[in-house]
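K.L.:
Just one file: data-v5.txt, with compact mmCIF, C-alpha atoms and all ligand atoms.
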```txt
# COMPACT_ATOMS: atom_id res chain seq x y z
CA MET A 1450 -155.89 21.74 -145.42
CA GLY A 1451 -159.44 21.28 -146.62
CA ARG A 1452 -160.55 21.87 -150.13
CA LYS A 1453 -157.26 22.72 -151.79
CA LEU A 1454 -155.87 19.34 -150.86
CA MET A 1455 -159.01 17.50 -151.71
CA THR A 1456 -158.90 19.19 -155.11
CA ILE A 1457 -155.36 18.19 -155.77
CA LEU A 1458 -156.07 14.67 -154.61
CA LEU A 1459 -159.04 14.63 -156.95
CA VAL A 1460 -156.87 15.66 -159.89
CA LEU A 1461 -154.38 13.01 -158.91
CA SER A 1462 -157.16 10.46 -158.66
CA LEU A 1463 -158.48 11.51 -162.05
CA THR A 1464 -155.06 10.96 -163.53
CA LEU A 1465 -155.13 7.54 -161.93
CA ALA A 1466 -158.28 6.53 -163.76
CA GLY A 1467 -157.47 4.06 -166.53
CA CYS A 1468 -153.96 3.93 -165.17
CA VAL A 1469 -152.62 0.98 -167.20
CA LEU A 1470 -150.69 2.63 -169.98
CA PRO A 1471 -151.36 1.23 -173.48
CA GLY A 1472 -148.94 -1.42 -174.68
CA LYS A 1473 -147.09 -1.59 -171.38
CA LYS A 1474 -147.49 -3.28 -168.03
CA ARG A 1475 -146.43 -0.12 -166.28
CA GLN A 1476 -149.04 1.34 -164.01
CA GLN A 1477 -149.59 4.56 -162.12
CA TYR A 1478 -149.60 4.23 -158.33
CA GLN A 1479 -150.37 6.65 -155.56
CA ALA A 1480 -149.63 6.62 -151.83
CA ALA A 1481 -151.24 9.05 -149.37
CA TYR A 1482 -150.10 9.94 -145.85
CA LEU A 1483 -151.77 12.00 -143.14
CA ASP A 1484 -148.95 12.34 -140.61
CA VAL A 1485 -146.78 15.02 -142.23
CA PHE A 1486 -147.21 18.78 -141.58
CA ASP A 1487 -150.83 18.33 -140.43
CA THR A 1488 -151.97 17.89 -143.98
CA VAL A 1489 -152.40 15.34 -146.76
CA THR A 1490 -149.28 14.21 -148.57
CA SER A 1491 -149.62 12.25 -151.76
CA ILE A 1492 -146.91 10.62 -153.82
CA SER A 1493 -147.55 9.34 -157.35
CA ALA A 1494 -145.48 7.64 -160.02
CA VAL A 1495 -145.71 5.22 -162.91
CA SER A 1496 -143.92 1.97 -162.13
CA ASP A 1497 -143.86 -1.62 -163.30
CA SER A 1498 -143.88 -2.87 -159.73
CA GLU A 1499 -146.18 -1.82 -156.93
CA ASP A 1500 -143.63 -3.09 -154.39
CA VAL A 1501 -140.87 -0.96 -155.89
CA PHE A 1502 -143.19 2.08 -155.95
CA ARG A 1503 -144.29 1.56 -152.31
CA GLU A 1504 -140.68 1.33 -151.17
CA GLN A 1505 -139.70 4.49 -153.06
CA ALA A 1506 -142.76 6.34 -151.75
CA GLU A 1507 -141.96 5.21 -148.21
CA GLN A 1508 -138.44 6.61 -148.48
CA ILE A 1509 -139.83 9.99 -149.55
CA HIS A 1510 -142.40 9.81 -146.76
CA SER A 1511 -139.84 9.09 -144.06
CA GLN A 1512 -137.69 12.00 -145.21
CA LEU A 1513 -140.74 14.30 -145.03
CA LEU A 1514 -141.62 12.92 -141.60
CA GLU A 1515 -138.15 13.76 -140.33
CA TYR A 1516 -138.55 17.36 -141.57
CA HIS A 1517 -142.01 17.50 -140.00
CA ARG A 1518 -140.50 16.65 -136.61
CA LEU A 1519 -137.53 18.97 -136.96
CA PHE A 1520 -139.68 21.97 -137.95
CA ASP A 1521 -142.54 21.30 -135.51
CA ILE A 1522 -143.12 24.19 -133.06
CA TYR A 1523 -145.90 22.49 -131.07
CA ASN A 1524 -144.52 19.06 -130.14
CA ASP A 1525 -141.36 17.60 -128.60
CA TYR A 1526 -139.81 14.39 -129.91
CA GLU A 1527 -137.66 12.05 -127.89
CA GLY A 1528 -133.94 12.52 -128.55
CA MET A 1529 -134.38 15.46 -130.93
CA ASN A 1530 -133.88 19.20 -130.67
CA ASN A 1531 -136.42 20.78 -133.01
CA LEU A 1532 -137.77 24.29 -133.61
CA LYS A 1533 -139.92 23.97 -130.48
CA THR A 1534 -136.72 23.38 -128.50
CA VAL A 1535 -135.23 26.50 -130.11
CA ASN A 1536 -138.35 28.56 -129.28
CA ASP A 1537 -138.49 27.20 -125.73
CA SER A 1538 -134.84 28.18 -125.21
CA ALA A 1539 -135.28 31.78 -126.42
CA GLY A 1540 -133.25 34.16 -124.27
CA ALA A 1541 -131.78 31.25 -122.33
CA ALA A 1542 -129.28 29.25 -124.37
CA PRO A 1543 -128.14 28.31 -127.89
CA VAL A 1544 -129.57 24.98 -129.03
CA ALA A 1545 -127.57 22.37 -130.93
CA VAL A 1546 -129.66 21.48 -133.98
CA ASP A 1547 -129.62 19.25 -137.03
CA GLY A 1548 -127.89 20.84 -140.04
CA GLU A 1549 -131.19 20.85 -141.94
CA ILE A 1550 -132.67 23.31 -139.42
CA ILE A 1551 -129.73 25.63 -140.02
CA ARG A 1552 -130.11 25.21 -143.78
CA LEU A 1553 -133.85 26.00 -143.62
CA LEU A 1554 -133.37 29.05 -141.39
CA LYS A 1555 -130.65 30.47 -143.65
CA ASP A 1556 -133.04 30.11 -146.60
CA CYS A 1557 -135.79 31.76 -144.53
CA ARG A 1558 -133.47 34.69 -143.82
CA ASP A 1559 -132.87 35.01 -147.57
CA TYR A 1560 -136.62 34.85 -148.27
CA TYR A 1561 -137.17 37.60 -145.69
CA GLU A 1562 -134.80 39.91 -147.56
CA LEU A 1563 -135.98 38.80 -151.01
CA THR A 1564 -139.66 39.44 -150.22
CA GLY A 1565 -139.03 42.89 -148.74
CA HIS A 1566 -139.85 41.46 -145.27
CA ALA A 1567 -143.33 40.24 -146.34
CA VAL A 1568 -142.42 36.68 -145.34
CA ASN A 1569 -140.91 36.68 -141.88
CA VAL A 1570 -140.67 33.32 -140.08
CA ALA A 1571 -139.40 35.21 -137.01
CA MET A 1572 -142.97 36.53 -136.66
CA GLY A 1573 -143.96 33.41 -134.72
CA GLY A 1574 -145.22 35.45 -131.74
CA VAL A 1575 -147.78 37.24 -133.92
CA LEU A 1576 -148.71 34.05 -135.79
CA PHE A 1577 -149.17 32.22 -132.48
CA LEU A 1578 -151.82 34.74 -131.38
CA TRP A 1579 -153.73 34.20 -134.63
CA HIS A 1580 -153.30 30.44 -134.34
CA GLU A 1581 -154.69 30.49 -130.79
CA ALA A 1582 -157.63 32.72 -131.69
CA ARG A 1583 -158.44 30.61 -134.76
CA THR A 1584 -158.24 27.31 -132.87
CA ALA A 1585 -160.51 28.65 -130.09
CA GLY A 1586 -162.89 30.18 -132.65
CA LEU A 1587 -163.21 26.94 -134.58
CA GLU A 1588 -163.87 25.00 -131.38
CA ASP A 1589 -166.47 27.47 -130.15
CA PRO A 1590 -167.72 29.55 -133.12
CA ASN A 1591 -170.24 31.50 -131.02
CA HIS A 1592 -167.43 33.00 -128.97
CA ALA A 1593 -164.92 33.43 -131.78
CA ARG A 1594 -162.86 36.56 -131.34
CA LEU A 1595 -159.85 38.32 -132.81
CA PRO A 1596 -156.49 38.44 -131.04
CA GLU A 1597 -156.10 41.50 -128.81
CA GLU A 1598 -154.67 44.41 -130.79
CA ALA A 1599 -152.26 45.29 -127.94
CA ALA A 1600 -151.01 41.69 -127.79
CA LEU A 1601 -150.40 41.70 -131.56
CA ARG A 1602 -148.40 44.92 -131.32
CA GLU A 1603 -146.38 43.64 -128.39
CA ALA A 1604 -145.59 40.40 -130.24
CA ALA A 1605 -144.69 42.37 -133.39
CA ALA A 1606 -141.97 44.15 -131.41
CA HIS A 1607 -140.13 40.80 -131.17
CA THR A 1608 -139.69 39.72 -134.78
CA ASP A 1609 -136.20 40.99 -135.59
CA TRP A 1610 -133.83 38.68 -137.47
CA ALA A 1611 -130.89 40.31 -135.66
CA SER A 1612 -132.04 38.26 -132.67
CA VAL A 1613 -131.89 34.97 -134.59
CA GLU A 1614 -128.30 33.90 -134.10
CA ILE A 1615 -127.34 31.06 -136.42
CA ASP A 1616 -123.89 29.67 -135.64
CA GLU A 1617 -123.05 27.32 -138.48
CA LYS A 1618 -119.68 26.27 -137.05
CA ALA A 1619 -121.09 25.40 -133.64
CA GLY A 1620 -124.25 24.00 -135.25
CA THR A 1621 -126.49 26.04 -132.95
CA VAL A 1622 -129.40 28.46 -133.13
CA TYR A 1623 -130.00 31.01 -130.40
CA LEU A 1624 -132.94 33.39 -130.14
CA SER A 1625 -131.37 36.22 -128.14
CA ASP A 1626 -134.74 37.98 -127.76
CA PRO A 1627 -136.63 35.94 -125.14
CA ARG A 1628 -140.00 36.93 -126.70
CA LEU A 1629 -139.10 36.02 -130.31
CA ARG A 1630 -140.63 32.83 -131.75
CA LEU A 1631 -140.03 31.05 -135.05
CA ASP A 1632 -142.89 29.68 -137.18
CA VAL A 1633 -141.81 28.26 -140.53
CA GLY A 1634 -145.34 27.37 -141.71
CA ALA A 1635 -145.04 29.65 -144.75
CA VAL A 1636 -142.15 27.70 -146.24
CA ALA A 1637 -141.69 24.34 -144.49
CA LYS A 1638 -143.95 22.25 -146.72
CA GLY A 1639 -142.53 23.52 -150.00
CA TRP A 1640 -138.96 23.51 -148.70
CA SER A 1641 -139.26 19.93 -147.46
CA ALA A 1642 -140.96 18.82 -150.69
CA GLN A 1643 -138.00 20.28 -152.60
CA ARG A 1644 -135.48 18.35 -150.52
CA ALA A 1645 -137.53 15.17 -150.99
CA ALA A 1646 -137.83 15.79 -154.74
CA GLU A 1647 -134.05 16.20 -155.02
CA LYS A 1648 -133.56 12.69 -153.64
CA ALA A 1649 -136.57 11.06 -155.31
CA PRO A 1650 -136.35 9.03 -158.53
CA GLU A 1651 -137.36 10.71 -161.79
CA GLY A 1652 -141.02 10.86 -162.74
CA PHE A 1653 -142.51 11.32 -159.27
CA LEU A 1654 -145.18 13.81 -158.29
CA ILE A 1655 -144.96 14.80 -154.62
CA SER A 1656 -147.73 16.89 -153.09
CA VAL A 1657 -147.32 18.05 -149.50
CA GLY A 1658 -150.52 19.81 -148.56
CA GLY A 1659 -150.90 20.99 -152.10
CA ASN A 1660 -147.30 22.12 -152.48
CA VAL A 1661 -146.72 20.11 -155.62
CA CYS A 1662 -143.33 19.11 -156.98
CA ALA A 1663 -142.65 16.99 -160.10
CA THR A 1664 -139.35 15.18 -160.65
CA GLY A 1665 -139.90 14.51 -164.35
CA PRO A 1666 -142.65 13.57 -166.78
CA LYS A 1667 -144.83 10.72 -165.64
CA ASP A 1668 -143.82 8.24 -168.31
CA ASP A 1669 -141.12 7.49 -170.87
CA SER A 1670 -143.00 9.28 -173.63
CA GLY A 1671 -142.79 12.56 -171.68
CA THR A 1672 -146.45 12.85 -170.62
CA PRO A 1673 -146.68 15.74 -168.16
CA TRP A 1674 -148.48 15.61 -164.84
CA VAL A 1675 -151.66 17.66 -164.55
CA VAL A 1676 -152.20 19.74 -161.40
CA GLY A 1677 -155.43 21.58 -160.56
CA ILE A 1678 -155.67 25.04 -158.96
CA THR A 1679 -158.59 25.08 -156.54
CA ASP A 1680 -161.39 27.54 -157.09
CA PRO A 1681 -161.69 29.33 -153.70
CA ASP A 1682 -165.47 29.39 -154.18
CA GLY A 1683 -165.53 25.61 -154.27
CA GLY A 1684 -167.42 23.42 -156.65
CA GLU A 1685 -166.04 20.83 -158.98
CA GLY A 1686 -164.14 23.21 -161.23
CA TYR A 1687 -160.61 24.53 -161.02
CA LEU A 1688 -159.32 28.00 -161.73
CA HIS A 1689 -156.99 26.19 -164.13
CA THR A 1690 -155.32 22.87 -164.60
CA LEU A 1691 -151.59 23.14 -165.28
CA TYR A 1692 -149.04 20.87 -166.94
CA ASP A 1693 -146.02 20.04 -164.83
CA THR A 1694 -142.92 17.99 -165.61
CA ASP A 1695 -140.14 19.27 -163.37
CA SER A 1696 -141.32 22.32 -161.45
CA ALA A 1697 -143.01 23.25 -158.23
CA ILE A 1698 -146.57 24.59 -158.21
CA VAL A 1699 -147.65 26.18 -154.93
CA THR A 1700 -150.86 28.00 -154.04
CA SER A 1701 -151.61 30.24 -151.05
CA GLY A 1702 -155.30 30.92 -150.49
CA ASP A 1703 -157.76 32.48 -148.05
CA TYR A 1704 -159.81 29.25 -148.06
CA GLN A 1705 -157.06 26.99 -146.71
CA ARG A 1706 -157.17 27.85 -143.02
CA TYR A 1707 -159.58 30.38 -141.59
CA TYR A 1708 -162.24 31.11 -139.01
CA GLU A 1709 -165.09 33.56 -138.80
CA VAL A 1710 -165.73 36.38 -136.35
CA ASP A 1711 -169.10 38.14 -136.60
CA GLY A 1712 -169.62 36.70 -140.07
CA LYS A 1713 -166.27 37.89 -141.43
CA ARG A 1714 -163.60 35.45 -142.54
CA PHE A 1715 -160.11 35.75 -141.04
CA HIS A 1716 -157.57 33.56 -142.80
CA HIS A 1717 -154.01 32.50 -141.93
CA ILE A 1718 -151.74 34.71 -144.05
CA ILE A 1719 -150.76 37.72 -141.98
CA ASP A 1720 -149.52 41.00 -143.42
CA PRO A 1721 -146.57 42.04 -141.20
CA LYS A 1722 -147.45 45.71 -141.85
CA THR A 1723 -151.02 45.50 -140.50
CA LEU A 1724 -150.68 42.33 -138.31
CA TYR A 1725 -154.04 41.22 -139.79
CA PRO A 1726 -154.87 38.83 -142.63
CA ALA A 1727 -153.81 40.20 -146.02
CA GLU A 1728 -156.87 41.47 -147.88
CA ARG A 1729 -155.96 41.85 -151.54
CA PHE A 1730 -156.32 38.31 -152.90
CA ARG A 1731 -158.25 35.08 -152.58
CA SER A 1732 -155.58 32.92 -154.11
CA VAL A 1733 -152.07 33.17 -155.54
CA THR A 1734 -150.33 30.36 -157.44
CA VAL A 1735 -146.59 30.30 -158.11
CA ILE A 1736 -144.70 28.09 -160.54
CA CYS A 1737 -140.98 27.91 -159.96
CA GLY A 1738 -138.03 25.53 -160.28
CA ASP A 1739 -137.49 25.43 -156.51
CA SER A 1740 -140.38 24.42 -154.28
CA GLY A 1741 -139.03 26.17 -151.15
CA LEU A 1742 -138.78 29.45 -153.02
CA ALA A 1743 -142.21 28.84 -154.61
CA ASP A 1744 -143.73 28.40 -151.14
CA ALA A 1745 -142.13 31.59 -149.82
CA LEU A 1746 -143.20 33.46 -152.95
CA SER A 1747 -146.82 32.28 -152.85
CA THR A 1748 -147.14 33.66 -149.31
CA ALA A 1749 -145.30 36.88 -150.24
CA LEU A 1750 -147.34 37.48 -153.41
CA PHE A 1751 -150.51 36.93 -151.42
CA ILE A 1752 -149.49 39.86 -149.20
CA LEU A 1753 -147.78 42.32 -151.57
CA PRO A 1754 -149.55 44.63 -154.06
CA GLN A 1755 -149.80 42.83 -157.42
CA PRO A 1756 -147.26 44.98 -159.34
CA GLU A 1757 -144.69 44.49 -156.56
CA GLY A 1758 -145.40 40.78 -156.51
CA GLU A 1759 -145.07 40.57 -160.28
CA ALA A 1760 -141.68 42.31 -160.16
CA LEU A 1761 -140.57 39.88 -157.44
CA ALA A 1762 -141.76 36.83 -159.41
CA LYS A 1763 -139.86 38.10 -162.46
CA LYS A 1764 -136.71 38.65 -160.43
CA CYS A 1765 -136.95 35.04 -159.19
CA GLY A 1766 -137.70 33.52 -162.61
CA ALA A 1767 -141.13 32.42 -161.34
CA GLU A 1768 -144.57 32.56 -162.96
CA ALA A 1769 -147.65 33.52 -160.98
CA MET A 1770 -151.39 33.91 -161.10
CA TRP A 1771 -153.44 36.09 -158.75
CA LEU A 1772 -157.17 35.99 -158.08
CA ASP A 1773 -158.26 39.13 -156.26
CA THR A 1774 -161.21 39.61 -153.93
CA GLU A 1775 -163.33 41.03 -156.79
CA GLY A 1776 -162.74 38.01 -159.02
CA ASN A 1777 -160.13 39.67 -161.28
CA ARG A 1778 -157.27 37.49 -162.46
CA PHE A 1779 -153.72 38.65 -163.12
CA TYR A 1780 -150.97 36.58 -164.75
CA THR A 1781 -147.26 36.90 -165.33
CA ASP A 1782 -146.38 36.76 -169.05
CA GLY A 1783 -145.17 33.16 -169.11
CA PHE A 1784 -147.94 31.63 -167.01
CA GLU A 1785 -150.11 30.69 -169.98
CA ASP A 1786 -147.43 28.30 -171.26
CA TRP A 1787 -148.30 26.05 -168.31
CA ILE A 1788 -152.06 26.08 -168.71
CA CYS A 1789 -153.72 22.81 -169.69
CA GLN A 1790 -157.25 24.19 -169.28
P1 LIG B 1801 -148.80 29.48 -146.92
O1 LIG B 1801 -150.01 28.62 -146.88
O2 LIG B 1801 -147.59 28.84 -147.51
O3 LIG B 1801 -149.07 30.81 -147.55
O4 LIG B 1801 -148.35 29.75 -145.41
C1 LIG B 1801 -149.24 30.15 -144.42
C2 LIG B 1801 -148.63 29.93 -143.07
O5 LIG B 1801 -147.46 30.72 -142.95
C3 LIG B 1801 -149.53 30.36 -141.93
O6 LIG B 1801 -150.29 29.29 -141.45
C4 LIG B 1801 -148.55 30.90 -140.88
O7 LIG B 1801 -148.05 29.85 -140.09
C5 LIG B 1801 -147.41 31.41 -141.72
N1 LIG B 1801 -147.47 32.85 -142.06
C6 LIG B 1801 -148.57 33.62 -142.29
N2 LIG B 1801 -148.22 34.86 -142.63
C7 LIG B 1801 -146.87 34.90 -142.62
C8 LIG B 1801 -145.90 35.89 -142.90
N3 LIG B 1801 -146.24 37.13 -143.28
N4 LIG B 1801 -144.59 35.55 -142.79
C9 LIG B 1801 -144.22 34.32 -142.42
N5 LIG B 1801 -145.08 33.33 -142.15
C10 LIG B 1801 -146.39 33.61 -142.26
MG MG B 1802 -146.04 29.60 -148.57
```
Any chance you could put this one into structure tokens?
Ligand code: AMP
Ligand code: MG
P.N.:
Amino acid sequence: MGRKLMTILLVLSLTLAGCVLPGKKRQQYQAAYLDVFDTVTSISAVSDSEDVFREQAEQIHSQLLEYHRLFDIYNDYEGMNNLKTVNDSAGAAPVAVDGEIIRLLKDCRDYYELTGHAVNVAMGGVLFLWHEARTAGLEDPNHARLPEEAALREAAAHTDWASVEIDEKAGTVYLSDPRLRLDVGAVAKGWSAQRAAEKAPEGFLISVGGNVCATGPKDDSGTPWVVGITDPDGGEGYLHTLYDTDSAIVTSGDYQRYYEVDGKRFHHIIDPKTLYPAERFRSVTVICGDSGLADALSTALFILPQPEGEALAKKCGAEAMWLDTEGNRFYTDGFEDWICQ
């Protein structure tokens, strides 16, 4: 979470300053929640009634909370089969799941093919080892260590989509490889934000851990929302601020979740080819009509060489910006149309 979210919240707060619009009683409101996807969710809109806004925001929040529970791989919830249930039943039995799990996993399978296998949510075994090592390393920095190479390789042998059996008719998912695990962290926030945006009223800005989605301009005169891209080196400034009226803006960065081993930073985006954190970029931002796709693409473009990523963005009708480890910036042709500053 950390600074990216704080930055976006700051931009949202800045847009809240002086929030009574001239000549009208309509006001900009914001609601923030901390119980969805282990991150900060903020919902903003201009409304003439705080009560109406709160009710609308609460509806969006409860939809996101439902997705959070369904896609959780660490916790069980009473009366619900979620992705943890699916993982726990690997090699044992198909699990009857909510249709939204099937819908998400089908999209994930498409993203896997689309990204040339860079984004693979069936890589949960590998991601779990990094998650464990990071959690332990953050708790006890003096003994921080990397996952065992042999364990990474062993886990990487169990990441094949052929073993993810989605039976739409029966409404079940079965992991036929007992060692395969799903982890949808690369797409769940953006995907869920997209579903929420599709149901939300016009003129809302929904940010789930910095996966930002606008459902229309923020007022009747067409004023766009302004979204900041965090500078990975911190400080008050942004890499850019961007205008947004009806698109998703998603950033993947090395500063979002990481730990240090012997003074070197190891972040959370894992290159399936090396099984170690991708090393080309500090931050990649994607702008795209669909927030689920934007989330998958931001992770993929963080991993792939820039020219490959640019070709992929173009194929998907997305715009992107890369910041590499030497401070160089790369942009797709249409990105500048979105830049506010
Ligand atoms: P994002 O911040 O959207 O780039 O997603 C990062 C999260 O996605 C990580 O915390 C992991 O749970 C997961 N992840 C990391 N690398 C990959 C990958 N190559 N394929 C699929 N999921 C990944
Ligand atoms: Mg992503």
K.L.:
At what distance in Å, to one decimal, does atom CA of A:Leu1532 lie from atom C2 of ligand LIG 1801 (chain B)?
P.N.:
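According to the coordinates, atom C2 of ligand LIG 1801 (chain B) and atom CA of A:Leu1532 are separated by 15.5 Å.
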K.L.:
Please identify the residues whose atoms come within 7 Å of ligand LIG 1801 (chain B), using only C-alpha atoms and all ligand atoms, and report them as number ranges by chain.
P.N.:
A: 1567-1570, 1572, 1576, 1632-1636, 1701-1702, 1717-1721, 1744-1745, 1747-1748
K.L.:
What is the atom CA of A:Gln1508-atom CA of A:Ala1646 distance in Å, reported with one decimal?
P.N.:
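These atoms are spaced 11.1 Å apart.
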K.L.:
Report, in Å to a single decimal, how far apart atom CA of A:Cys1662 and atom CA of A:Ala1762 are.
P.N.:
18.0 Å
K.L.:
From the options A:Glu1549, A:Asp1682, A:Glu1757, A:Glu1709, which residue's atoms come nearest to A:Trp1640, counting only C-alpha atoms?
P.N.:
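Closest to A:Trp1640 of all the choices is A:Glu1549.
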